[in-house]
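Novice: Provided herewith: entry02.txt, compact mmCIF, C-alpha atoms.
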# COMPACT_ATOMS: atom_id res chain seq x y z
CA MET A 1117 122.40 114.70 88.16
CA ALA A 1118 118.89 114.68 89.60
CA ALA A 1119 118.99 110.89 89.98
CA LEU A 1120 122.34 111.12 91.78
CA ILE A 1121 120.96 113.74 94.18
CA ALA A 1122 117.95 111.49 94.78
CA MET A 1123 120.31 108.57 95.41
CA PHE A 1124 121.97 110.40 98.31
CA GLU A 1125 118.54 111.45 99.61
CA GLY A 1126 117.32 107.86 99.52
CA TYR A 1127 120.50 106.63 101.18
CA ASP A 1128 120.04 109.06 104.06
CA LEU A 1129 116.43 108.01 104.53
CA SER A 1130 117.38 104.34 104.66
CA VAL A 1131 120.71 104.39 106.50
CA TYR A 1132 119.21 104.89 109.95
CA GLY A 1133 117.14 101.72 109.76
CA ALA A 1134 120.22 99.81 108.61
CA THR A 1135 122.21 101.03 111.62
CA VAL A 1136 119.57 100.73 114.36
CA PRO A 1137 120.73 97.22 115.41
CA ALA A 1138 124.30 98.54 115.73
CA LEU A 1139 123.18 101.68 117.58
CA LEU A 1140 121.30 99.58 120.15
CA HIS A 1141 124.60 97.89 121.04
CA GLU A 1142 126.90 100.92 120.76
CA PRO A 1143 129.14 100.97 123.88
CA GLY A 1144 128.32 103.78 126.28
CA TRP A 1145 125.14 104.90 124.53
CA ASN A 1146 122.66 102.65 126.38
CA LEU A 1147 120.09 103.25 123.66
CA SER A 1148 116.69 101.61 124.18
CA LYS A 1149 114.33 100.64 121.37
CA LYS A 1150 111.95 103.40 122.42
CA ALA A 1151 114.74 105.97 122.21
CA ALA A 1152 115.78 104.55 118.82
CA GLY A 1153 112.21 104.98 117.61
CA ASP A 1154 112.14 108.55 118.87
CA ILE A 1155 115.38 109.34 117.03
CA GLY A 1156 114.01 107.75 113.87
CA SER A 1157 110.93 109.94 114.02
CA LEU A 1158 113.06 113.08 114.22
CA VAL A 1159 113.92 112.76 110.55
CA ALA A 1160 110.22 112.87 109.69
CA VAL A 1161 109.74 115.91 111.96
CA GLY A 1162 112.65 117.62 110.24
CA MET A 1163 111.25 116.76 106.81
CA LEU A 1164 107.94 118.35 107.78
CA ILE A 1165 109.77 121.55 108.67
CA GLY A 1166 111.97 121.38 105.57
CA ALA A 1167 109.05 120.77 103.23
CA GLY A 1168 107.30 123.80 104.70
CA ILE A 1169 110.41 125.87 104.09
CA ALA A 1170 110.63 124.61 100.52
CA GLY A 1171 106.99 125.37 99.83
CA ALA A 1172 107.17 128.87 101.29
CA ALA A 1173 110.55 129.87 99.83
CA GLY A 1174 110.71 127.95 96.54
CA ARG A 1175 109.42 130.66 94.25
CA ARG A 1176 111.15 133.39 96.23
CA LEU A 1177 114.65 131.92 96.25
CA GLY A 1178 114.47 129.77 93.13
CA THR A 1179 114.61 125.99 92.97
CA ARG A 1180 118.31 125.93 92.07
CA ARG A 1181 119.43 127.87 95.14
CA LEU A 1182 117.03 126.00 97.40
CA LEU A 1183 118.14 122.58 96.13
CA LEU A 1184 121.84 123.33 96.52
CA SER A 1185 121.31 124.68 100.03
CA GLY A 1186 119.25 121.69 101.17
CA LEU A 1187 121.68 119.19 99.65
CA SER A 1188 124.70 120.83 101.28
CA PHE A 1189 122.91 121.07 104.62
CA PHE A 1190 121.85 117.43 104.90
CA SER A 1191 125.33 116.29 103.75
CA LEU A 1192 126.89 118.25 106.59
CA CYS A 1193 124.36 116.74 108.99
CA MET A 1194 125.33 113.24 107.80
CA LEU A 1195 128.91 114.14 108.72
CA GLY A 1196 127.60 115.26 112.11
CA SER A 1197 125.90 111.88 112.59
CA ALA A 1198 129.17 110.11 111.82
CA LEU A 1199 131.08 112.20 114.37
CA ALA A 1200 128.42 112.25 117.12
CA LYS A 1201 129.83 111.36 120.55
CA GLY A 1202 126.51 110.37 122.11
CA PRO A 1203 122.82 109.79 121.40
CA ASP A 1204 121.82 113.42 122.04
CA ALA A 1205 124.23 114.83 119.46
CA PHE A 1206 123.27 112.04 117.08
CA ALA A 1207 119.56 112.82 117.51
CA ALA A 1208 120.16 116.51 116.81
CA SER A 1209 122.07 115.67 113.62
CA ARG A 1210 119.21 113.47 112.43
CA LEU A 1211 116.65 116.21 113.09
CA PHE A 1212 118.63 118.75 111.06
CA ALA A 1213 119.32 116.17 108.35
CA GLY A 1214 115.55 115.73 108.08
CA ILE A 1215 115.14 119.47 107.51
CA GLY A 1216 117.61 119.30 104.64
CA LEU A 1217 115.89 116.25 103.19
CA GLY A 1218 112.51 117.96 103.48
CA VAL A 1219 113.87 120.81 101.37
CA VAL A 1220 115.56 118.55 98.80
CA LEU A 1221 112.82 116.03 97.99
CA PRO A 1222 109.97 118.34 96.86
CA THR A 1223 112.41 120.82 95.32
CA LEU A 1224 114.11 118.11 93.29
CA THR A 1225 110.84 116.84 91.83
CA ALA A 1226 109.85 120.44 91.10
CA VAL A 1227 113.13 120.99 89.25
CA VAL A 1228 112.69 117.85 87.15
CA GLY A 1229 109.04 118.72 86.50
CA ASP A 1230 109.92 122.27 85.43
CA MET A 1231 112.67 121.03 83.11
CA SER A 1232 110.62 118.22 81.49
CA ALA A 1233 108.25 118.39 78.56
CA PRO A 1234 104.67 117.59 79.69
CA ARG A 1235 104.48 114.33 77.70
CA VAL A 1236 107.46 112.79 79.55
CA ARG A 1237 107.22 114.57 82.89
CA ALA A 1238 106.04 111.62 84.98
CA ARG A 1239 108.58 109.32 83.33
CA ASN A 1240 111.47 111.70 84.05
CA ILE A 1241 110.43 112.14 87.66
CA ALA A 1242 110.12 108.36 88.01
CA ILE A 1243 113.65 107.90 86.63
CA THR A 1244 114.90 110.46 89.13
CA MET A 1245 113.12 108.78 92.02
CA ALA A 1246 114.53 105.44 90.90
CA GLY A 1247 117.85 106.96 91.95
CA SER A 1248 116.35 107.38 95.41
CA CYS A 1249 115.50 103.68 95.45
CA VAL A 1250 119.08 102.83 94.49
CA GLY A 1251 120.32 104.87 97.44
CA SER A 1252 117.75 103.33 99.77
CA LEU A 1253 118.85 99.90 98.59
CA GLY A 1254 122.53 100.79 99.01
CA ALA A 1255 122.30 101.50 102.74
CA PRO A 1256 121.06 98.05 103.86
CA LEU A 1257 123.37 96.35 101.34
CA LEU A 1258 126.35 98.23 102.68
CA GLY A 1259 125.19 97.57 106.23
CA SER A 1260 124.84 93.82 105.63
CA TRP A 1261 128.37 93.80 104.23
CA LEU A 1262 130.09 95.93 106.89
CA LEU A 1263 128.08 95.51 110.10
CA PRO A 1264 128.80 94.51 112.83
CA ASP A 1265 132.52 94.29 111.96
CA VAL A 1266 132.83 98.00 111.12
CA SER A 1267 131.50 100.99 113.05
CA PHE A 1268 128.11 102.38 112.03
CA ARG A 1269 129.86 105.73 111.54
CA VAL A 1270 131.29 104.58 108.22
CA LEU A 1271 127.80 104.32 106.74
CA TYR A 1272 127.07 107.95 107.62
CA LEU A 1273 130.39 109.10 106.17
CA VAL A 1274 129.32 107.58 102.85
CA GLY A 1275 126.22 109.77 102.88
CA ALA A 1276 128.32 112.86 103.61
CA ALA A 1277 130.27 112.22 100.38
CA ALA A 1278 127.60 114.18 98.49
CA LEU A 1279 129.27 117.34 99.74
CA LEU A 1280 132.42 116.53 97.76
CA THR A 1281 130.80 115.01 94.67
CA VAL A 1282 127.34 116.01 93.55
CA VAL A 1283 127.21 119.45 95.22
CA PRO A 1284 130.09 120.93 93.14
CA TRP A 1285 128.69 119.33 89.98
CA ALA A 1286 125.21 120.73 90.61
CA PHE A 1287 126.63 124.16 91.44
CA LEU A 1288 128.36 124.29 88.05
CA ARG A 1289 125.77 122.62 85.82
CA LEU A 1290 122.28 122.79 87.34
CA PRO A 1291 120.07 125.21 85.33
CA GLU A 1292 117.59 127.57 86.88
CA SER A 1293 113.90 126.95 86.28
CA PRO A 1294 112.52 128.97 83.32
CA LEU A 1295 109.43 129.77 85.38
CA TYR A 1296 111.53 131.31 88.15
CA LEU A 1297 113.48 133.29 85.56
CA VAL A 1298 110.21 134.69 84.19
CA LEU A 1299 108.97 135.54 87.69
CA THR A 1300 112.20 137.46 88.38
CA GLY A 1301 112.08 139.47 85.15
CA ARG A 1302 114.62 137.47 83.12
CA ALA A 1303 112.37 136.54 80.22
CA ASP A 1304 115.16 136.33 77.62
CA GLN A 1305 117.21 133.94 79.74
CA ALA A 1306 114.06 131.90 80.45
CA ALA A 1307 113.35 131.60 76.71
CA ARG A 1308 116.91 130.43 76.02
CA THR A 1309 116.76 127.81 78.79
CA ALA A 1310 113.36 126.56 77.60
CA ALA A 1311 114.61 126.28 74.01
CA ARG A 1312 117.70 124.39 75.16
CA PHE A 1313 115.59 121.73 76.85
CA GLY A 1314 112.77 121.66 74.30
CA LEU A 1315 110.21 123.15 76.69
CA PRO A 1316 107.19 125.32 75.95
CA ALA A 1317 107.75 129.05 76.35
CA PRO A 1318 107.26 129.86 80.05
CA HIS A 1319 104.47 132.15 81.17
CA PRO A 1320 103.84 133.68 84.61
CA PRO A 1321 101.21 131.72 86.59
CA ALA A 1322 97.72 133.13 86.88
CA THR A 1323 97.22 135.28 89.95
CA SER A 1324 94.78 134.36 92.69
CA GLN A 1325 93.22 136.39 95.47
CA HIS A 1326 94.30 133.60 97.87
CA ARG A 1327 97.82 133.28 96.45
CA HIS A 1328 99.75 134.69 99.40
CA ARG A 1329 97.65 133.22 102.22
CA CYS A 1330 98.89 130.36 104.40
CA LEU A 1331 102.48 130.48 103.05
CA GLY A 1332 101.27 130.18 99.47
CA LEU A 1333 98.81 127.34 100.15
CA GLY A 1334 95.79 129.62 99.81
CA PRO A 1335 94.73 128.48 96.32
CA LEU A 1336 94.91 124.82 97.39
CA LEU A 1337 92.69 125.35 100.43
CA HIS A 1338 89.77 126.92 98.57
CA ARG A 1339 87.29 125.54 96.11
CA PRO A 1340 87.53 123.63 93.86
CA LEU A 1341 90.83 122.19 95.13
CA VAL A 1342 90.34 121.90 98.90
CA VAL A 1343 88.99 118.31 98.87
CA THR A 1344 91.68 117.19 96.43
CA THR A 1345 94.36 118.81 98.60
CA LEU A 1346 93.15 117.06 101.75
CA LEU A 1347 93.02 113.68 99.99
CA PHE A 1348 96.47 114.36 98.57
CA TRP A 1349 97.85 114.92 102.08
CA VAL A 1350 96.25 111.71 103.34
CA MET A 1351 97.75 109.80 100.43
CA THR A 1352 101.18 111.23 101.11
CA PHE A 1353 100.90 110.43 104.82
CA CYS A 1354 100.06 106.78 104.11
CA GLY A 1355 102.81 106.38 101.54
CA LEU A 1356 105.51 107.93 103.70
CA LEU A 1357 104.32 105.93 106.72
CA LEU A 1358 105.07 102.81 104.69
CA ILE A 1359 108.48 104.11 103.58
CA PHE A 1360 109.57 105.19 107.06
CA GLY A 1361 108.17 102.06 108.65
CA PHE A 1362 110.08 99.80 106.29
CA SER A 1363 113.31 101.74 106.26
CA THR A 1364 113.48 102.32 110.03
CA TRP A 1365 112.08 99.20 111.66
CA LEU A 1366 112.01 96.30 109.20
CA PRO A 1367 115.64 95.21 109.86
CA THR A 1368 115.16 95.31 113.63
CA LEU A 1369 111.79 93.53 113.50
CA MET A 1370 113.17 90.75 111.32
CA GLN A 1371 116.19 90.35 113.59
CA THR A 1372 113.85 90.10 116.58
CA GLY A 1373 111.94 87.43 114.69
CA GLY A 1374 115.01 85.21 114.55
CA PHE A 1375 116.72 86.29 111.36
CA SER A 1376 120.40 87.27 111.31
CA ILE A 1377 121.28 90.92 110.75
CA GLY A 1378 122.39 90.05 107.22
CA SER A 1379 119.10 88.31 106.39
CA ALA A 1380 117.06 91.11 107.99
CA LEU A 1381 118.84 93.75 105.90
CA THR A 1382 118.42 91.59 102.80
CA MET A 1383 114.64 91.66 103.34
CA THR A 1384 114.80 95.45 103.50
CA CYS A 1385 116.71 95.34 100.23
CA LEU A 1386 113.84 93.40 98.62
CA SER A 1387 111.38 96.22 99.29
CA TRP A 1388 113.74 98.78 97.75
CA ILE A 1389 114.43 96.52 94.76
CA GLY A 1390 110.68 96.38 94.23
CA ALA A 1391 110.49 100.16 94.47
CA GLY A 1392 113.27 100.60 91.92
CA VAL A 1393 111.73 98.09 89.52
CA GLY A 1394 108.24 99.55 89.80
CA MET A 1395 109.18 103.23 89.69
CA VAL A 1396 109.99 103.73 86.00
CA PRO A 1397 107.17 101.60 84.53
CA GLY A 1398 104.81 103.43 86.88
CA GLY A 1399 105.99 106.76 85.50
CA VAL A 1400 105.53 105.60 81.89
CA LEU A 1401 102.01 104.34 82.67
CA ALA A 1402 101.18 107.63 84.40
CA ASP A 1403 102.14 109.55 81.25
CA ARG A 1404 99.85 107.29 79.18
CA LEU A 1405 96.92 106.62 81.51
CA GLY A 1406 97.11 109.57 83.89
CA PRO A 1407 98.56 109.52 87.42
CA LYS A 1408 95.19 109.09 89.18
CA ARG A 1409 94.57 105.56 87.89
CA VAL A 1410 98.14 104.42 88.43
CA VAL A 1411 98.38 105.80 91.97
CA ALA A 1412 95.04 104.27 92.99
CA GLY A 1413 95.97 100.88 91.56
CA ALA A 1414 99.40 100.96 93.21
CA PHE A 1415 97.89 101.72 96.61
CA LEU A 1416 95.45 98.83 96.30
CA VAL A 1417 98.24 96.38 95.46
CA GLY A 1418 100.43 97.70 98.27
CA ALA A 1419 97.61 97.47 100.82
CA ALA A 1420 96.91 93.87 99.81
CA GLY A 1421 100.60 93.04 100.21
CA LEU A 1422 100.71 94.54 103.70
CA LEU A 1423 97.63 92.57 104.76
CA VAL A 1424 99.29 89.33 103.63
CA ILE A 1425 102.54 90.22 105.45
CA SER A 1426 100.60 90.82 108.66
CA ARG A 1427 99.37 87.21 108.56
CA GLY A 1428 102.91 85.78 108.81
CA PRO A 1429 103.10 83.95 105.44
CA ALA A 1430 105.66 81.39 104.29
CA GLY A 1431 109.10 82.59 103.23
CA TRP A 1432 108.59 82.90 99.47
CA VAL A 1433 105.21 84.62 99.95
CA LEU A 1434 106.82 87.08 102.37
CA TYR A 1435 109.55 87.89 99.86
CA LEU A 1436 107.02 88.39 97.08
CA CYS A 1437 104.89 90.70 99.24
CA LEU A 1438 107.95 92.74 100.19
CA LEU A 1439 108.68 93.24 96.50
CA LEU A 1440 105.06 94.19 95.81
CA CYS A 1441 104.89 96.63 98.73
CA GLY A 1442 108.09 98.26 97.58
CA SER A 1443 107.03 98.59 93.95
CA SER A 1444 103.46 99.70 94.63
CA GLY A 1445 103.63 101.52 97.95
CA CYS A 1446 106.73 103.64 97.39
CA TRP A 1447 105.75 104.85 93.92
CA PRO A 1448 102.65 106.83 94.97
CA ALA A 1449 104.53 108.38 97.88
CA ARG A 1450 107.33 109.53 95.59
CA ARG A 1451 104.78 110.67 93.00
CA SER A 1452 103.02 112.79 95.63
CA SER A 1453 105.26 115.82 95.24
CA THR A 1454 105.17 115.82 91.43
CA PRO A 1455 103.85 119.05 89.84
CA THR A 1456 100.46 118.47 88.22
Here is a file; write its structure as structure tokens.

Specialist:
Amino acid sequence: MAALIAMFEGYDLSVYGATVPALLHEPGWNLSKKAAGDIGSLVAVGMLIGAGIAGAAGRRLGTRRLLLSGLSFFSLCMLGSALAKGPDAFAASRLFAGIGLGVVLPTLTAVVGDMSAPRVRARNIAITMAGSCVGSLGAPLLGSWLLPDVSFRVLYLVGAAALLTVVPWAFLRLPESPLYLVLTGRADQAARTAARFGLPAPHPPATSQHRHRCLGLGPLLHRPLVVTTLLFWVMTFCGLLLIFGFSTWLPTLMQTGGFSIGSALTMTCLSWIGAGVGMVPGGVLADRLGPKRVVAGAFLVGAAGLLVISRGPAGWVLYLCLLLCGSSGCWPARRSSTPT
């Protein structure tokens, strides 16, 4: 279920980049590349807002309620993108979709982390995020198959299908986090849920004098965690810059460079194939070696791949670097919201 939710999240993140070439030629919209870039950035702005909401409200509302709300909201916004009559309405739908995505992504990894035994936590989160890579791969594949013969609106309708499929399933079957149950005084129910999933007995977290400052970020902004927190934010920024850069602009850049729309979308697919292939082994290695070593190594490989791409290499080298950047650059970014 978590992987399916992540698949729709990844599809929504990737679908805009797959449809930018079609949007630039949509009759009556007169959309410039600058305006297309501005619209693409609105998703990131919305995710910033949504992530803040998730961080501030997660332990108050519970991860189950928060996840269902965010998933339903961004599915409705995908429907709004499909029905938009002009660029302004479309831009608004993308902003609000970003808010929903910002709620879903960190909440989903928190749910999987809470419901996983410590020895397999990174692996389970990696399997879940592999679903996101499948969705991110599906958008350019579907776009290369349908566009430009079919309206871009069809691709957004596919993303809205989560409202009719995974939302009802999650509403009926998604368990509540044992930790949230303990925090809300339902210790017996928490113990039953933990036993069902083979988890350690949940205990309330230790209190901190800074706990309620800065929307709950107080403990992370004081010693000894403040330097780690700042580095963590920088790492997340770099990883998501890569993801958004690839998913939003790679098809358009490749088409500008002389490739057909099908070939340009295929190159985008390569990066997401690399992400999907590298995600699960990265999670297994993180369980065995620790996430710090794996994340650092993945960033080094991804940075080297980007440097080679910037030099305009031959075709097979370009394809290889796209695979490497996908497998090494996307994994640390997805790992960034994992509970530690």

Novice: How close does region 1298-1373 of chain A get to region 1177-1183 of chain A? List, as JSON lines, each residue of region 1298-1373 of chain A within 12 Å, its nearest atom pair and the distance in Å to one decimal, counting only C-alpha atoms.

Specialist:
{"residue": "A:Val1298", "atom": "CA", "partner": "A:Gly1178", "partner_atom": "CA", "distance": 11.1}
{"residue": "A:Leu1299", "atom": "CA", "partner": "A:Gly1178", "partner_atom": "CA", "distance": 9.7}
{"residue": "A:Thr1300", "atom": "CA", "partner": "A:Gly1178", "partner_atom": "CA", "distance": 9.3}

Novice: Would you compute the distance between CA of Pro1397 (chain A) and CA of Arg1239 (chain A)? Give it in Å to one decimal.

Specialist: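 About the pair CA of Pro1397 (chain A) and CA of Arg1239 (chain A): they are 7.9 Å apart.
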
Novice: For a cutoff of 9 Å around the file-coordinate point (112.3, 104.9, 89.1), which residues qualify once you count all atoms listed in the file? I'd like the result as a list in words.

Specialist: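 Those residues, ordered by chain and then number, are Arg1239, Asn1240, Ile1241, Ala1242, Ile1243, Thr1244, Met1245, Ala1246, Gly1247, Ser1248, Cys1249, Val1250, Ala1391, Gly1392, Val1393, Gly1394, Met1395, Val1396, Pro1397, Gly1398, Gly1399 and Trp1447 of chain A.
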
Novice: One decimal, in Å: what's the spacing between CA of Tyr1296 (chain A) and CA of Arg1312 (chain A)?

Specialist: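 Separation between CA of Tyr1296 (chain A) and CA of Arg1312 (chain A): 16.0 Å.
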
Novice: In Å, with one decimal, what is the gap from CA of Val1228 (chain A) to CA of Arg1289 (chain A)?

Specialist: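 Pair CA of Val1228 (chain A) / CA of Arg1289 (chain A) returns 14.0 Å.
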
Novice: Calculated over all atoms listed in the file, which of the candidates A:Phe1287, A:Phe1124, A:Phe1268, A:Phe1415 has the smallest distance to Ala1213 (chain A)?

Specialist: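 Comparing A:Phe1287, A:Phe1124, A:Phe1268, A:Phe1415 against Ala1213 (chain A), the winner is A:Phe1124.
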
Novice: Rank nothing, just name the residue among A:Ile1359, A:Ser1232, A:His1338, A:Ala1255 nearest to Ala1311 (chain A), using only C-alpha atoms.

Specialist: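 For Ala1311 (chain A), the nearest of the candidates is A:Ser1232.
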
Novice: Excluding region 1233-1235 of chain A and residues on its chain fewer than 3 positions from it, collect all residues at most 9 Å away from it, counting all atoms listed in the file, and give them as an MDAnalysis selection string.

Specialist: chainID A and resid 1229:1230 1238:1239 1313:1316 1403:1404

Novice: Please tabulate, as CSV, the residues of region 1282-1391 of chain A that come within 12 Å of region 1148-1165 of chain A, each with its closest pair of atoms and the distance in Å to one decimal, counting all atoms listed in the file and ordering rows by chain, then residue number upward.

Specialist:
residue,atom,partner,partner_atom,distance
A:Thr1352,CA,A:Leu1164,CA,11.9
A:Phe1353,CA,A:Ala1160,CA,10.8
A:Leu1356,CA,A:Ala1160,CA,9.1
A:Leu1357,CA,A:Ala1160,CA,9.6
A:Ile1359,CA,A:Ala1160,CA,10.8
A:Phe1360,CA,A:Ala1160,CA,8.1
A:Gly1361,CA,A:Gly1156,CA,9.7
A:Phe1362,CA,A:Gly1156,CA,11.7
A:Ser1363,CA,A:Gly1156,CA,9.7
A:Thr1364,CA,A:Gly1156,CA,6.7
A:Trp1365,CA,A:Gly1153,CA,8.3
A:Thr1368,CA,A:Lys1149,CA,9.4
A:Leu1369,CA,A:Lys1149,CA,10.9
A:Thr1372,CA,A:Lys1149,CA,11.6

Novice: Which residues are near Ser1426 (chain A)? Cut-off 12 Å, only C-alpha atoms, ignore same chain within fewer than 6 positions. Put them as a list in words.

Specialist: Ala1419, Ala1420, Val1433, Leu1434, Cys1437 and Leu1438 of chain A

Novice: Selected residues, C-alpha atoms, written as a short mmCIF file (atom, residue, chain, number, x, y, z; two decimals), in the frame of the given file, please.

Specialist:
data_model
loop_
_atom_site.label_atom_id
_atom_site.label_comp_id
_atom_site.auth_asym_id
_atom_site.auth_seq_id
_atom_site.Cartn_x
_atom_site.Cartn_y
_atom_site.Cartn_z
CA ALA A 1419 97.61 97.47 100.82
CA ALA A 1420 96.91 93.87 99.81
CA VAL A 1433 105.21 84.62 99.95
CA LEU A 1434 106.82 87.08 102.37
CA CYS A 1437 104.89 90.70 99.24
CA LEU A 1438 107.95 92.74 100.19
#

Novice: Of the residues A:Val1270, A:Ala1170, A:Leu1187, A:Ala1286, which is the one nearest to Met1117 (chain A), using only C-alpha atoms?

Specialist: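 Among the listed residues, A:Ala1286 lies closest to Met1117 (chain A).
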
Novice: For Ser1188 (chain A), find every residue with an atom within 9 Å (counting all atoms listed in the file), except residues of its own chain fewer than 6 positions away, and show them as a ChimeraX atom specification.

Specialist: /A:1216,1278-1279,1283

Novice: Since the input is missing atoms, can you rebuild N, CA, C and O atoms for region 1383-1399 of chain A and write them as a compact mmCIF listing (two decimals), in the coordinates of the input?

Specialist:
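out_24.txt, written as the output of this step:
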# COMPACT_ATOMS: atom_id res chain seq x y z
N MET A 1383 116.09 91.49 103.52
CA MET A 1383 114.64 91.66 103.34
C MET A 1383 114.29 93.13 103.10
O MET A 1383 113.40 93.44 102.30
N THR A 1384 115.00 94.03 103.77
CA THR A 1384 114.80 95.45 103.50
C THR A 1384 115.18 95.77 102.06
O THR A 1384 114.50 96.54 101.37
N CYS A 1385 116.28 95.13 101.61
CA CYS A 1385 116.71 95.34 100.23
C CYS A 1385 115.63 94.94 99.24
O CYS A 1385 115.45 95.58 98.19
N LEU A 1386 114.89 93.87 99.54
CA LEU A 1386 113.84 93.40 98.62
C LEU A 1386 112.78 94.48 98.39
O LEU A 1386 112.32 94.66 97.26
N SER A 1387 112.40 95.18 99.45
CA SER A 1387 111.38 96.22 99.29
C SER A 1387 111.90 97.36 98.41
O SER A 1387 111.16 97.91 97.59
N TRP A 1388 113.18 97.69 98.57
CA TRP A 1388 113.74 98.78 97.75
C TRP A 1388 114.01 98.32 96.32
O TRP A 1388 113.93 99.13 95.39
N ILE A 1389 114.32 97.04 96.12
CA ILE A 1389 114.43 96.52 94.76
C ILE A 1389 113.07 96.63 94.07
O ILE A 1389 112.97 97.05 92.91
N GLY A 1390 112.02 96.25 94.80
CA GLY A 1390 110.68 96.38 94.23
C GLY A 1390 110.35 97.81 93.88
O GLY A 1390 109.76 98.09 92.83
N ALA A 1391 110.75 98.74 94.74
CA ALA A 1391 110.49 100.16 94.47
C ALA A 1391 111.22 100.61 93.22
O ALA A 1391 110.68 101.33 92.37
N GLY A 1392 112.50 100.21 93.09
CA GLY A 1392 113.27 100.60 91.92
C GLY A 1392 112.72 100.01 90.64
O GLY A 1392 112.65 100.68 89.60
N VAL A 1393 112.28 98.75 90.71
CA VAL A 1393 111.73 98.09 89.52
C VAL A 1393 110.39 98.70 89.12
O VAL A 1393 110.09 98.86 87.93
N GLY A 1394 109.57 99.05 90.11
CA GLY A 1394 108.24 99.55 89.80
C GLY A 1394 108.18 101.02 89.48
O GLY A 1394 107.21 101.49 88.88
N MET A 1395 109.24 101.78 89.81
CA MET A 1395 109.18 103.23 89.69
C MET A 1395 109.06 103.70 88.24
O MET A 1395 108.17 104.47 87.88
N VAL A 1396 109.97 103.23 87.38
CA VAL A 1396 109.99 103.73 86.00
C VAL A 1396 108.78 103.27 85.20
O VAL A 1396 108.14 104.09 84.52
N PRO A 1397 108.40 101.97 85.23
CA PRO A 1397 107.17 101.60 84.53
C PRO A 1397 105.95 102.36 85.04
O PRO A 1397 105.05 102.70 84.26
N GLY A 1398 105.92 102.65 86.35
CA GLY A 1398 104.81 103.43 86.88
C GLY A 1398 104.76 104.82 86.29
O GLY A 1398 103.69 105.35 85.98
N GLY A 1399 105.94 105.43 86.11
CA GLY A 1399 105.99 106.76 85.50
C GLY A 1399 105.53 106.74 84.05
O GLY A 1399 104.82 107.64 83.59
